[in-house]
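Here's the structure we're looking at; comments come further down.
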Amino acid sequence: MTGVTGPEVDPHHIKGHNWLSAAGGAKKGSDLLTIPLRHDLHVELHDIGWESWEEKYNRSQLEEAVRIMLRAERDGIISINL
């Protein structure tokens with residue numbers, strides 16, 4: 001999302017869309033629904049909540065996860081068969 005790579009980036013399991021991965025409550029969702037976030041943005045998301053974070057940055061975690069999956073397929077990293 002920020003173009004930053006390396007150890008200052010955290011994998012974030014998206015929140016608010018657990019119905020996609022059959023996770024519920026405090027369970028972690030699927031690793032496929034993970035987006036890379038700079039550590040400070042990751043901490044902020046958990047501090048203010050996913051809905052406030054998405055509104056503040058005008059970004060959807062779900063759209064980011066799909067964008068990343070499509071880029072990985074385009075780059076030959078994964079194969080998506082629907």
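FYI, nothing fancy with the structure tokens labels: chains A, B, ... in order, residues from 1 per chain, ligands from 1 as they appear.
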| task | For Tyr57 (chain A), list every protein, DNA or RNA residue within 12 Å, evaluated using only C-alpha atoms, and leave out those in the same chain fewer than 3 positions away; present the list as a PyMOL selection string. | result | chain A and resi 1-2+41+44-45+50-54+60-61
| field | Top pick for closest residue to His13 (chain A), considering A:Ile68, A:Leu32, A:Ile80, A:Val43 and counting only C-alpha atoms | value |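 Among the listed residues, the smallest separation from His13 (chain A) belongs to A:Leu32.
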| Separation of CA of Gly16 (chain A) from CA of Leu70 (chain A), in Å and rounded to one decimal |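 CA of Leu70 (chain A) lies 20.8 Å from CA of Gly16 (chain A).
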